[in-house]
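Q: Following this message is one structure expressed as structure tokens.
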Amino acid sequence: MRIVVAPDSFKGSLSAIGVALAMERGIRLVFPEARVHAVPIADGGEGTVAALVGATGGTLRQTRVTGPLREPVLAQWGVLGDGATAVIEMAAASGLPLLAPDRRDPRLTTTFGTGELIRAALDCGLRKIIIGIGGSATNDAGAGMLRALGASFADAAGSELPDGGAALARLERIDLDGLDPRLDETEIIAASDVDNPLCGPRGASAAFAPQKGASAATVAVLDAALCRYADVARRATGRDVAGLPGAGAAGGLGAGLLFFTPAQLRPGVEIVLDAVGFPEIVSDADFVITGEGRTDFQTAFGKAPVGVARVARRFAVPVFCVSGGLGEGADDVLSLGIDATMSICDRPMPLDECLRTAASLIESATARLCRIIRASRRGGRMP
């Protein structure tokens, strides 16, 4: 029997590598003789740098940058094995895990540090940059990133706007005269984990700002501010990108890249799966176990488990998703190639306990799943 485990990280508890190892231990409890191929993956958020650098034999680097609330952070990024391509996670500079829950406020947080990472890659002479744009703490449509690269965002009086998504409601003029000219000669690939537009009911604010600390009233304020941003950016660039899939990724960072750089948006999980050669890995597997910290309606937008399932489905390989929790809309993934979902929580427990014991819970849940699969195979209902 050949089993592929291809999980994303369980944010706040385990890296993708840690999850994959726990899943393998669970498999061994039921199928001790199985050949297990572990493929830790990512979808543009946390773990993207590690996955791509590891798959290509690249190198890791660190740069001190500005965090989401202007506090310095040491952000890790990488250079792929070709020596010519940088890979950056915006989450390393502007991500939600950098802030305690009581300090999260998308009205104020900035992507300035992400721009500093891009500048660091340019300063190293790299002219191809992959930017993972998942896991943000921000809702500023990349305005902070662009400021770090030389752009200016002003109100009607000509004063520079402060940080954050809420201030964009007062945006009147975008000055691109100082924007780093090296961007025009750089291939930029934005690795997104969602396909949401910038504004509206499925936009950046409505879909993602609540998990960043926004109330319902704040969501409305932020959405109106992003609509204003889109209007002014369209006038400044002649581009109309706000409705494109992925424009709403990372609090609108996707739109900022599309408006003001030569960026192309691609599903992050596709970039990672291509880099690790996943189609070849999965083609002759008996089944695949994937997973993530929480499976809900957002997963169906294009997150890692769905990306894994789309590839596996081409080879008629069953896919099972073991997750830290199942939220509203989790069943949406069942029409996208995932055959069944399972939560690691086998009893009611506080969140902090679940995070602390995630490895053992993942191992146990994977073993439970494998026992069900074993029983199904005995009954002749699985290949």
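Residues in the structure tokens are numbered from 1 in each chain, the chains being A, B, ... in the order shown, and ligands are numbered from 1 in the order shown.
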Can you list, as a count of residues only, all residues belonging to segment 139-303 of chain A that DSSP tags as helix (DSSP H, G or I)?

A: 76

Q: DSSP on the backbone: what in segment 183-259 of chain A comes out strand (DSSP E or B), as a PyMOL selection string?

A: chain A and resi 187-192

Q: I'd like the contact shell of Arg310 of chain A - 12 Å cut-off, only C-alpha atoms, skipping same-chain residues fewer than 2 positions apart - returned as a short mmCIF file (atom, residue, chain, number, x, y, z; two decimals) with N, CA and C atoms, in the first residue's frame.

A:
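The resulting file, out-v2.cif, is reproduced below:
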```cif
data_model
loop_
_atom_site.label_atom_id
_atom_site.label_comp_id
_atom_site.auth_asym_id
_atom_site.auth_seq_id
_atom_site.Cartn_x
_atom_site.Cartn_y
_atom_site.Cartn_z
N VAL A 269 -1.10 27.06 -3.97
CA VAL A 269 -0.91 25.63 -3.83
C VAL A 269 -0.45 25.02 -5.15
N GLU A 270 -0.88 25.59 -6.29
CA GLU A 270 -0.43 25.08 -7.58
C GLU A 270 1.07 25.29 -7.75
N LEU A 273 2.77 22.70 -5.48
CA LEU A 273 2.60 21.33 -5.97
C LEU A 273 3.43 21.09 -7.23
N PHE A 278 4.18 17.07 -7.52
CA PHE A 278 3.10 16.32 -6.88
C PHE A 278 2.33 15.39 -7.83
N PRO A 279 2.07 15.78 -9.08
CA PRO A 279 1.35 14.83 -9.95
C PRO A 279 2.06 13.47 -10.05
N VAL A 282 1.60 11.50 -6.64
CA VAL A 282 0.27 11.02 -6.28
C VAL A 282 -0.32 10.04 -7.28
N VAL A 288 -4.77 9.63 -0.42
CA VAL A 288 -4.05 10.81 0.05
C VAL A 288 -4.73 11.32 1.31
N THR A 290 -4.73 14.80 3.39
CA THR A 290 -4.31 16.20 3.47
C THR A 290 -4.89 16.79 4.75
N ALA A 300 -12.79 26.14 0.26
CA ALA A 300 -13.27 25.94 -1.12
C ALA A 300 -12.81 27.03 -2.07
N GLY A 302 -9.88 27.86 -2.64
CA GLY A 302 -8.63 27.49 -3.28
C GLY A 302 -7.48 27.21 -2.34
N LYS A 303 -7.80 26.87 -1.09
CA LYS A 303 -6.73 26.60 -0.14
C LYS A 303 -6.10 25.22 -0.38
N ALA A 304 -5.08 24.91 0.39
CA ALA A 304 -4.21 23.77 0.11
C ALA A 304 -4.95 22.44 -0.08
N PRO A 305 -5.85 22.04 0.83
CA PRO A 305 -6.49 20.74 0.64
C PRO A 305 -7.23 20.59 -0.69
N VAL A 306 -7.88 21.66 -1.12
CA VAL A 306 -8.59 21.59 -2.40
C VAL A 306 -7.60 21.49 -3.56
N GLY A 307 -6.47 22.20 -3.47
CA GLY A 307 -5.46 22.08 -4.50
C GLY A 307 -4.92 20.66 -4.61
N VAL A 308 -4.67 20.04 -3.46
CA VAL A 308 -4.22 18.65 -3.44
C VAL A 308 -5.27 17.75 -4.09
N ALA A 312 -5.11 15.05 -7.29
CA ALA A 312 -5.37 13.64 -7.04
C ALA A 312 -6.56 13.12 -7.84
N ARG A 313 -7.55 13.98 -8.04
CA ARG A 313 -8.74 13.55 -8.76
C ARG A 313 -8.42 13.18 -10.21
N ARG A 314 -7.37 13.80 -10.78
CA ARG A 314 -6.98 13.48 -12.15
C ARG A 314 -6.57 12.02 -12.28
N PHE A 315 -6.15 11.42 -11.16
CA PHE A 315 -5.70 10.03 -11.16
C PHE A 315 -6.67 9.12 -10.41
N ALA A 316 -7.86 9.64 -10.10
CA ALA A 316 -8.90 8.87 -9.40
C ALA A 316 -8.40 8.34 -8.06
N VAL A 317 -7.59 9.14 -7.37
CA VAL A 317 -7.06 8.76 -6.06
C VAL A 317 -7.92 9.39 -4.97
N PRO A 318 -8.47 8.62 -4.03
CA PRO A 318 -9.29 9.18 -2.95
C PRO A 318 -8.48 10.13 -2.07
N VAL A 319 -9.15 11.17 -1.58
CA VAL A 319 -8.50 12.18 -0.74
C VAL A 319 -9.32 12.38 0.53
N VAL A 333 -16.20 21.47 0.42
CA VAL A 333 -15.04 20.84 -0.22
C VAL A 333 -15.38 19.46 -0.77
N LEU A 334 -16.49 18.89 -0.36
CA LEU A 334 -16.83 17.54 -0.79
C LEU A 334 -17.19 17.47 -2.27
N SER A 335 -17.49 18.60 -2.86
CA SER A 335 -17.77 18.64 -4.30
C SER A 335 -16.53 19.01 -5.11
N LEU A 336 -15.39 19.12 -4.43
CA LEU A 336 -14.16 19.60 -5.09
C LEU A 336 -13.05 18.56 -5.04
N GLY A 337 -13.42 17.30 -4.82
CA GLY A 337 -12.43 16.23 -4.88
C GLY A 337 -12.05 15.63 -3.55
N ILE A 338 -12.48 16.23 -2.44
CA ILE A 338 -12.22 15.65 -1.12
C ILE A 338 -13.35 14.70 -0.78
N ASP A 339 -13.00 13.47 -0.44
CA ASP A 339 -14.01 12.44 -0.23
C ASP A 339 -14.62 12.47 1.16
#
```

Q: Mind checking which residues fall within 12 Å of Asp105 of chain A, counting only C-alpha atoms, ignoring those fewer than 2 positions away in the same chain, and posting them as a ChimeraX atom specification?

A: /A:68-69,95-96,99-103,107-110,136-140,163-166,209-215,218-219,222,251

Q: Which residues, written as a PyMOL selection string, have at least one atom at most 8 Å from segment 167-182 of chain A, with only C-alpha atoms counted and residues fewer than 3 positions away on the same chain left out?

A: chain A and resi 107+122+140+146+149-156+158+161-164+185-186+222+224-226+228-229+232-233+236

Q: Using N, CA, C and O atoms, can you write the selected residues to a file as an mmCIF file, in the first residue's frame?

A:
```cif
data_model
loop_
_atom_site.group_PDB
_atom_site.id
_atom_site.type_symbol
_atom_site.label_atom_id
_atom_site.label_comp_id
_atom_site.auth_asym_id
_atom_site.auth_seq_id
_atom_site.Cartn_x
_atom_site.Cartn_y
_atom_site.Cartn_z
ATOM 1 N N ARG A 107 -8.067 48.105 10.679
ATOM 2 C CA ARG A 107 -8.166 49.540 10.374
ATOM 3 C C ARG A 107 -6.796 50.192 10.392
ATOM 4 O O ARG A 107 -6.582 51.226 9.735
ATOM 5 N N LEU A 122 15.100 42.818 -4.369
ATOM 6 C CA LEU A 122 15.590 43.640 -5.485
ATOM 7 C C LEU A 122 17.028 44.065 -5.242
ATOM 8 O O LEU A 122 17.860 44.066 -6.167
ATOM 9 N N ASP A 140 -5.149 46.804 3.869
ATOM 10 C CA ASP A 140 -4.787 48.091 3.263
ATOM 11 C C ASP A 140 -4.528 48.011 1.767
ATOM 12 O O ASP A 140 -3.983 48.942 1.164
ATOM 13 N N LEU A 146 3.437 49.414 -1.021
ATOM 14 C CA LEU A 146 3.803 50.352 -2.084
ATOM 15 C C LEU A 146 4.510 51.579 -1.534
ATOM 16 O O LEU A 146 5.410 52.128 -2.178
ATOM 17 N N LEU A 149 8.031 50.930 -1.223
ATOM 18 C CA LEU A 149 8.672 50.874 -2.532
ATOM 19 C C LEU A 149 8.646 52.223 -3.253
ATOM 20 O O LEU A 149 8.995 52.297 -4.434
ATOM 21 N N GLY A 150 8.210 53.281 -2.540
ATOM 22 C CA GLY A 150 8.338 54.631 -3.083
ATOM 23 C C GLY A 150 7.080 55.331 -3.511
ATOM 24 O O GLY A 150 7.127 56.507 -3.912
ATOM 25 N N ALA A 151 5.914 54.686 -3.450
ATOM 26 C CA ALA A 151 4.665 55.348 -3.824
ATOM 27 C C ALA A 151 4.161 56.215 -2.674
ATOM 28 O O ALA A 151 4.610 56.087 -1.523
ATOM 29 N N SER A 152 3.212 57.091 -2.982
ATOM 30 C CA SER A 152 2.642 57.994 -1.983
ATOM 31 C C SER A 152 1.129 57.990 -2.111
ATOM 32 O O SER A 152 0.588 57.996 -3.230
ATOM 33 N N PHE A 153 0.430 58.016 -0.963
ATOM 34 C CA PHE A 153 -1.030 57.986 -0.919
ATOM 35 C C PHE A 153 -1.503 59.192 -0.108
ATOM 36 O O PHE A 153 -1.231 59.282 1.095
ATOM 37 N N ALA A 154 -2.208 60.122 -0.759
ATOM 38 C CA ALA A 154 -2.538 61.396 -0.124
ATOM 39 C C ALA A 154 -4.047 61.642 -0.099
ATOM 40 O O ALA A 154 -4.800 61.119 -0.927
ATOM 41 N N ASP A 155 -4.469 62.471 0.868
ATOM 42 C CA ASP A 155 -5.868 62.883 0.944
ATOM 43 C C ASP A 155 -6.090 64.145 0.124
ATOM 44 O O ASP A 155 -5.191 64.620 -0.595
ATOM 45 N N ALA A 156 -7.287 64.724 0.212
ATOM 46 C CA ALA A 156 -7.628 65.886 -0.614
ATOM 47 C C ALA A 156 -6.768 67.099 -0.298
ATOM 48 O O ALA A 156 -6.551 67.965 -1.158
ATOM 49 N N GLY A 158 -3.633 66.904 0.325
ATOM 50 C CA GLY A 158 -2.265 66.590 -0.063
ATOM 51 C C GLY A 158 -1.438 65.960 1.034
ATOM 52 O O GLY A 158 -0.239 65.741 0.848
ATOM 53 N N LEU A 161 -1.552 59.798 3.853
ATOM 54 C CA LEU A 161 -2.466 59.053 4.712
ATOM 55 C C LEU A 161 -1.699 58.243 5.752
ATOM 56 O O LEU A 161 -0.587 57.777 5.496
ATOM 57 N N PRO A 162 -2.281 58.036 6.908
ATOM 58 C CA PRO A 162 -1.663 57.140 7.891
ATOM 59 C C PRO A 162 -1.814 55.685 7.468
ATOM 60 O O PRO A 162 -2.504 55.365 6.485
ATOM 61 N N ASP A 163 -1.189 54.795 8.216
ATOM 62 C CA ASP A 163 -1.281 53.360 7.941
ATOM 63 C C ASP A 163 -2.710 52.858 8.085
ATOM 64 O O ASP A 163 -3.531 53.437 8.804
ATOM 65 N N GLY A 164 -2.962 51.720 7.445
ATOM 66 C CA GLY A 164 -4.185 50.979 7.710
ATOM 67 C C GLY A 164 -5.252 51.098 6.649
ATOM 68 O O GLY A 164 -5.256 52.014 5.817
ATOM 69 N N GLU A 185 11.049 45.724 -14.319
ATOM 70 C CA GLU A 185 11.894 44.717 -14.957
ATOM 71 C C GLU A 185 11.930 43.418 -14.156
ATOM 72 O O GLU A 185 12.815 42.588 -14.346
ATOM 73 N N THR A 186 10.959 43.241 -13.267
ATOM 74 C CA THR A 186 10.922 42.078 -12.383
ATOM 75 C C THR A 186 9.679 41.247 -12.660
ATOM 76 O O THR A 186 8.569 41.786 -12.766
ATOM 77 N N LEU A 222 -14.361 49.289 6.166
ATOM 78 C CA LEU A 222 -13.203 48.831 5.396
ATOM 79 C C LEU A 222 -13.576 48.546 3.944
ATOM 80 O O LEU A 222 -12.796 48.836 3.020
ATOM 81 N N ALA A 224 -15.949 49.975 2.173
ATOM 82 C CA ALA A 224 -16.117 51.261 1.494
ATOM 83 C C ALA A 224 -14.762 51.895 1.194
ATOM 84 O O ALA A 224 -14.555 52.501 0.124
ATOM 85 N N ALA A 225 -13.807 51.735 2.125
ATOM 86 C CA ALA A 225 -12.471 52.291 1.915
ATOM 87 C C ALA A 225 -11.766 51.600 0.753
ATOM 88 O O ALA A 225 -11.091 52.259 -0.059
ATOM 89 N N LEU A 226 -11.932 50.289 0.627
ATOM 90 C CA LEU A 226 -11.309 49.580 -0.485
ATOM 91 C C LEU A 226 -11.961 49.942 -1.816
ATOM 92 O O LEU A 226 -11.280 49.998 -2.852
ATOM 93 N N ARG A 228 -13.120 52.886 -2.486
ATOM 94 C CA ARG A 228 -12.500 54.177 -2.787
ATOM 95 C C ARG A 228 -11.098 53.987 -3.357
ATOM 96 O O ARG A 228 -10.718 54.621 -4.354
ATOM 97 N N TYR A 229 -10.327 53.133 -2.722
ATOM 98 C CA TYR A 229 -8.978 52.813 -3.194
ATOM 99 C C TYR A 229 -9.024 52.329 -4.646
ATOM 100 O O TYR A 229 -8.202 52.748 -5.487
ATOM 101 N N VAL A 232 -9.573 55.246 -7.126
ATOM 102 C CA VAL A 232 -8.406 56.124 -7.294
ATOM 103 C C VAL A 232 -7.277 55.379 -8.004
ATOM 104 O O VAL A 232 -6.595 55.935 -8.873
ATOM 105 N N ALA A 233 -7.081 54.107 -7.665
ATOM 106 C CA ALA A 233 -6.036 53.325 -8.313
ATOM 107 C C ALA A 233 -6.329 53.124 -9.793
ATOM 108 O O ALA A 233 -5.412 53.143 -10.630
ATOM 109 N N ALA A 236 -5.297 56.208 -11.508
ATOM 110 C CA ALA A 236 -3.845 56.399 -11.526
ATOM 111 C C ALA A 236 -3.138 55.476 -12.504
ATOM 112 O O ALA A 236 -2.070 55.831 -13.029
#
```

Q: Need the shell around segment 11-27 of chain A: protein/DNA/RNA residues with any atom at most 10 Å away, counting only C-alpha atoms. Skip same-chain ones fewer than 4 positions apart. Format as an mmCIF file with C-alpha atoms, in the first residue's frame?

A:
```cif
data_model
loop_
_atom_site.group_PDB
_atom_site.id
_atom_site.type_symbol
_atom_site.label_atom_id
_atom_site.label_comp_id
_atom_site.auth_asym_id
_atom_site.auth_seq_id
_atom_site.Cartn_x
_atom_site.Cartn_y
_atom_site.Cartn_z
ATOM 1 C CA ILE A 3 -0.124 6.494 0.993
ATOM 2 C CA VAL A 4 0.659 10.169 0.361
ATOM 3 C CA VAL A 5 0.307 12.680 3.194
ATOM 4 C CA ALA A 6 0.204 16.278 1.946
ATOM 5 C CA PRO A 7 -0.921 18.647 4.720
ATOM 6 C CA PHE A 31 -0.852 0.110 8.264
ATOM 7 C CA PRO A 32 2.669 -0.600 9.604
ATOM 8 C CA GLU A 33 3.940 -1.935 6.262
ATOM 9 C CA ALA A 34 2.600 0.951 4.147
ATOM 10 C CA ARG A 35 4.920 3.077 2.033
ATOM 11 C CA VAL A 36 4.239 6.630 3.185
ATOM 12 C CA HIS A 37 5.338 9.596 1.059
ATOM 13 C CA ALA A 38 5.209 12.812 3.108
ATOM 14 C CA VAL A 39 4.838 16.052 1.114
ATOM 15 C CA PRO A 40 4.460 19.105 3.399
ATOM 16 C CA ILE A 41 2.785 21.839 1.347
ATOM 17 C CA ALA A 42 1.524 25.408 1.543
ATOM 18 C CA GLY A 45 0.522 31.496 3.462
ATOM 19 C CA GLU A 46 2.734 30.263 6.261
ATOM 20 C CA GLY A 47 5.131 27.537 5.079
ATOM 21 C CA THR A 48 5.349 28.631 1.434
ATOM 22 C CA ALA A 50 10.003 26.509 3.489
ATOM 23 C CA ALA A 51 8.145 24.334 0.974
ATOM 24 C CA PRO A 97 0.400 35.442 13.867
ATOM 25 C CA GLY A 135 -2.203 34.859 6.324
ATOM 26 C CA ILE A 289 -4.436 12.413 3.461
ATOM 27 C CA THR A 290 -4.312 16.198 3.470
ATOM 28 C CA GLY A 291 -5.231 18.690 6.178
ATOM 29 C CA GLU A 292 -5.153 22.201 7.580
ATOM 30 C CA GLY A 293 -5.801 24.016 10.829
ATOM 31 C CA ARG A 294 -9.440 24.760 10.045
ATOM 32 C CA VAL A 322 -7.916 15.772 8.603
ATOM 33 C CA GLY A 324 -7.912 20.992 13.421
ATOM 34 C CA ASP A 352 -5.364 26.139 23.989
ATOM 35 C CA CYS A 354 -6.096 21.551 21.199
ATOM 36 C CA LEU A 355 -3.176 23.698 20.039
ATOM 37 C CA ARG A 356 -0.853 22.328 22.698
ATOM 38 C CA THR A 357 -1.622 18.682 21.960
ATOM 39 C CA ALA A 358 -2.112 19.005 18.204
ATOM 40 C CA ALA A 359 0.553 16.435 17.296
ATOM 41 C CA SER A 360 -0.989 13.641 19.354
ATOM 42 C CA LEU A 361 -4.510 14.599 18.246
ATOM 43 C CA ILE A 362 -3.472 14.494 14.577
ATOM 44 C CA GLU A 363 -1.821 11.113 15.092
ATOM 45 C CA SER A 364 -4.950 9.702 16.755
ATOM 46 C CA ALA A 365 -7.336 11.160 14.173
ATOM 47 C CA THR A 366 -5.243 9.776 11.314
ATOM 48 C CA ALA A 367 -5.276 6.349 12.949
ATOM 49 C CA ARG A 368 -9.082 6.528 13.289
ATOM 50 C CA LEU A 369 -9.382 7.441 9.634
ATOM 51 C CA CYS A 370 -7.100 4.589 8.594
ATOM 52 C CA ARG A 371 -9.166 2.088 10.585
#
```

Q: As an exercise, work out the distance from atom CA of Ile129 of chain A to atom CA of Ile271 of chain A in Å and give it to one decimal place.

A: 12.5 Å

Q: Could you check which of A:Gly125, A:Gly58, A:Gly44, A:Gly113 is closest to Ala250 of chain A, using only C-alpha atoms?

A: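 Under the stated criterion, the closest residue is A:Gly44.
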
Q: State, in Å with one decimal place, the distance from atom CA of Ala263 of chain A to atom CA of Pro72 of chain A.

A: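 About the pair atom CA of Ala263 of chain A and atom CA of Pro72 of chain A: they are 26.7 Å apart.
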
Q: Give me the segment 57-165 of chain A side of the contact with segment 188-206 of chain A, cut-off 8 Å, one line per residue showing its nearest atom pair and distance in Å at one decimal, counting only C-alpha atoms, sorted by chain and residue number, as CSV.

A:
```
residue,atom,partner,partner_atom,distance
A:Lys128,CA,A:Ile188,CA,5.9
A:Ile129,CA,A:Ile188,CA,4.9
A:Ile130,CA,A:Ile189,CA,4.8
A:Ile131,CA,A:Ala190,CA,4.8
A:Gly132,CA,A:Ala191,CA,4.6
A:Ile133,CA,A:Ser192,CA,5.4
A:Gly134,CA,A:Asp193,CA,6.0
A:Asn139,CA,A:Ser205,CA,7.0
```

Q: My list of candidates is A:Ala249, A:Ala120, A:Leu29, A:Ala55. Which is closest to Gly277 of chain A when distances are computed with only C-alpha atoms?

A: A:Ala55
